[in-house]
2 protein chains.
Amino acid sequence: MSANELHGGPSKLGRALCLLAAFRPGDAELTLAELARRTKLPKPTAHRLLGELAEWELVERTENGHRLGVRLFELGALAPLQHRLREAAGPFLADLFETTRSTVHLAVLDGSDVVYVHKLGSRHGPTLQSRLGGRMPAYCTGVGKALLAHAPQAVQQEVIGHPLQRRTPRTIVAPGLVLREIRAVQGRGFAAEHEESAKGIACVAAPVLGTDRRAMAAVSVTRWAHQIDVDRLAPAVHAAAVGIAGVLRSG
Amino acid sequence: MSANELHGGPSKLGRALCLLAAFRPGDAELTLAELARRTKLPKPTAHRLLGELAEWELVERTENGHRLGVRLFELGALAPLQHRLREAAGPFLADLFETTRSTVHLAVLDGSDVVYVHKLGSRHGPTLQSRLGGRMPAYCTGVGKALLAHAPQAVQQEVIGHPLQRRTPRTIVAPGLVLREIRAVQGRGFAAEHEESAKGIACVAAPVLGTDRRAMAAVSVTRWAHQIDVDRLAPAVHAAAVGIAGVLRSG
């Protein structure tokens with residue numbers, strides 16, 4: 001037993017959190033064996049910790065293992081930045097969805113990724129990988145470019161400082177070209193993405209700016225690439241972003 | 001030091017989870033003093049545990065204290081029941097929103113409460129208290145009555161076995177009348193609520209039924225009470241619920 005464990009140090013809580021973090025998108029439920037494997041915890045330890053997490057309804061027992069629980073869903077929905085954004089943005093996103101009949105996203109920047117905070121999925125457009133709480137790299141998405149354009153320079157440099165993956169033939173991966181894209185967004189107030197993250201899909205995005213001109217979030221409208229009309233969509237997306245910013249600043 | 005703590009027992013993890021659970025709707029951030037007060041933990045203990053939770057991005061440090069973090073939001077969004085429901089229901093809810101231009105909810109039953117899993121808020125209708133991950137009592141809401149109508153009898157009895165709060169002059173609080181409401185839902189396939197949870201607001205809801213005829217969720221459309229047309233809305237809400245059930249069964 002380590003000194004840490006003897007003194008109730010970081011290890012025990014860390015192990016429990018590690019069990020929560022072992023769940024990945026698509027994991028409806030995980031067996032004890034799989035959880036022990038992923039966390040490298042002995043099965044009895046994992047079992048005991050899962051029991052405690054279950055008492056708090058952060059995980060739920062299933063027939064064959066465990067799944068993340070309703071209490072975790074509730075707590076997650078309380079995360080105040082995401083919650084405040086969603087509340088402020090809701091009506092604007094709904095309007096945008098109604099007028100464009102296209103999938104609408106709201107996202108924030110976290111490191112080099114965007115995290116989706118809201119999604120209104122249209123049945124008329126393409127099926128998208130995005131989901132509430134899901135992540136995508138910032139450099140190849142419309143919302144990502146809108147967010148990067150109004151992020152501190154250190155963040156921009158961090159993103160282009162790593163090799164960028166070519167997700168489609170159209171993905172922009174040269175650091176200089178990514179920076180040019182970002183600067184173009186600063187100039188015209190919206191970002192466009194044309195088959196850079198996935199084939200056949202395009203979007204128009206705009207940043208939700210704070211009083212310091214930093215992006216608090218970004219809004220986008222996504223359609224089939226052959227159906228997108230950037231000039232028609234950009235004003236609507238921009239107006240939604242400005243509307244959301246107004247509510248956030250007055251809140 | 002208790003035996004529990006010496007052996008790395010439940011107490012430490014429990015205390016950390018207690019800190020997470022101390023956050024309530026509307027708490028943008030909490031000071032260390034407030035968190036210590038709510039959890040009855042000594043400040044140094046709370047401080048140390050918050051540090052660990054921050055390492056996992058479950059909480060984030062702010063200027064004056066702590067707030068729930070982005071990782072908690074991400075994990076919460078992964079809770080598979082809620083996630084699967086939201087994905088299956090998304091397009092149907094969007095259609096319902098488009099055709100009714102009213103606020104649309106998707107909710108599940110948890111104990112005697114409903115928990116909102118999805119909300120598309122309209123700008124044309126009333127401002128509602130509901131929010132993603134939020135709770136309301138089941139007996140006085142449309143989604144709640146739709147869920148209770150297709151819940152095990154033990155759950156129904158549990159709900160009416162406690163004194164029911166009169167939230168408005170129209171709230172149904174007599175156990176016998178609540179049961180009659182529930183049975184009426186079983187007969188006609190949808191639930192209606194008319195100013196029972198809040199003044200001036202009404203809704204129509206329908207259960208999303210599994211093959212066992214138990215409700216997996218419920219869908220509703222909410223409007224101003226004086227603008228609601230139950231006979232017109234019920235078929236649309238019912239159709240959405242049936243559509244969602246179909247996707248869930250085939251998934």
# chains A, B, ... in the order shown; residues from 1 in each chain; ligands from 1
$ interface_residues --of "chain A" --to "chain B" --cutoff "8 Å" --atoms "only C-alpha atoms" --output "number ranges by chain"
A: 5-8, 10, 12-14, 16-17, 20-21, 23-29, 52, 56, 67-70, 72-82, 90-91, 94-95, 98, 120-123, 132-134
$ residues_around --residues "Pro152 (chain A)" --least-positions-apart "2" --cutoff "12 Å" --atoms "only C-alpha atoms" --output "list of chain:residue names"
A:Leu109, A:Gly111, A:Leu147, A:Leu148, A:Ala149, A:His150, A:Ala154, A:Val155, A:Gln156, A:Gln157, A:Glu158, A:Val159, A:Ile182, A:Asp212, A:Arg213, A:Arg214, A:Ala215, A:Met216
$ select_by_dssp --residues "region 95-211 of chain B" --states "strand (DSSP E)" --output "ChimeraX atom specification"
/B:103-110,113-120,135-137,191-194,201-209
$ write_last_selection --atoms "C-alpha atoms" --output "PDB file, in the first residue's frame"
ATOM      1  CA  THR B 103     -41.729  23.979 -27.382  1.00  0.00           C
ATOM      2  CA  VAL B 104     -41.044  20.254 -27.614  1.00  0.00           C
ATOM      3  CA  HIS B 105     -39.804  18.065 -24.748  1.00  0.00           C
ATOM      4  CA  LEU B 106     -38.490  14.537 -24.392  1.00  0.00           C
ATOM      5  CA  ALA B 107     -38.401  13.156 -20.852  1.00  0.00           C
ATOM      6  CA  VAL B 108     -37.819   9.949 -18.915  1.00  0.00           C
ATOM      7  CA  LEU B 109     -39.134   8.814 -15.539  1.00  0.00           C
ATOM      8  CA  ASP B 110     -36.736   8.660 -12.582  1.00  0.00           C
ATOM      9  CA  ASP B 113     -39.870  12.727 -11.242  1.00  0.00           C
ATOM     10  CA  VAL B 114     -39.468  13.290 -14.926  1.00  0.00           C
ATOM     11  CA  VAL B 115     -35.989  14.220 -16.181  1.00  0.00           C
ATOM     12  CA  TYR B 116     -35.807  16.216 -19.411  1.00  0.00           C
ATOM     13  CA  VAL B 117     -33.524  14.606 -21.968  1.00  0.00           C
ATOM     14  CA  HIS B 118     -34.166  16.997 -24.839  1.00  0.00           C
ATOM     15  CA  LYS B 119     -35.837  20.359 -25.254  1.00  0.00           C
ATOM     16  CA  LEU B 120     -36.469  22.448 -28.338  1.00  0.00           C
ATOM     17  CA  ARG B 135     -36.546  17.580 -13.083  1.00  0.00           C
ATOM     18  CA  MET B 136     -40.261  18.075 -12.513  1.00  0.00           C
ATOM     19  CA  PRO B 137     -42.730  15.980 -10.506  1.00  0.00           C
ATOM     20  CA  ALA B 191     -51.876  12.816 -21.925  1.00  0.00           C
ATOM     21  CA  ALA B 192     -52.962  16.408 -21.554  1.00  0.00           C
ATOM     22  CA  GLU B 193     -52.017  18.903 -18.908  1.00  0.00           C
ATOM     23  CA  HIS B 194     -53.875  22.183 -18.496  1.00  0.00           C
ATOM     24  CA  ILE B 201     -49.335  26.782 -19.670  1.00  0.00           C
ATOM     25  CA  ALA B 202     -50.706  23.589 -21.203  1.00  0.00           C
ATOM     26  CA  CYS B 203     -49.312  20.607 -23.041  1.00  0.00           C
ATOM     27  CA  VAL B 204     -50.080  17.398 -24.886  1.00  0.00           C
ATOM     28  CA  ALA B 205     -47.826  14.370 -24.354  1.00  0.00           C
ATOM     29  CA  ALA B 206     -47.529  10.810 -25.621  1.00  0.00           C
ATOM     30  CA  PRO B 207     -45.575   7.807 -24.332  1.00  0.00           C
ATOM     31  CA  VAL B 208     -42.783   6.148 -26.323  1.00  0.00           C
ATOM     32  CA  LEU B 209     -43.629   2.490 -25.768  1.00  0.00           C
TER      33      LEU B 209
END
$ residues_around --residues "Pro235 (chain A)" --least-positions-apart "4" --cutoff "12 Å" --atoms "only C-alpha atoms" --output "count of residues only"
19
$ atom_distance --atom1 "CA of Gly176 (chain A)" --atom2 "CA of Ile160 (chain A)"
8.4 Å
$ atom_distance --atom1 "CA of Leu177 (chain A)" --atom2 "CA of Thr127 (chain A)"
28.3 Å
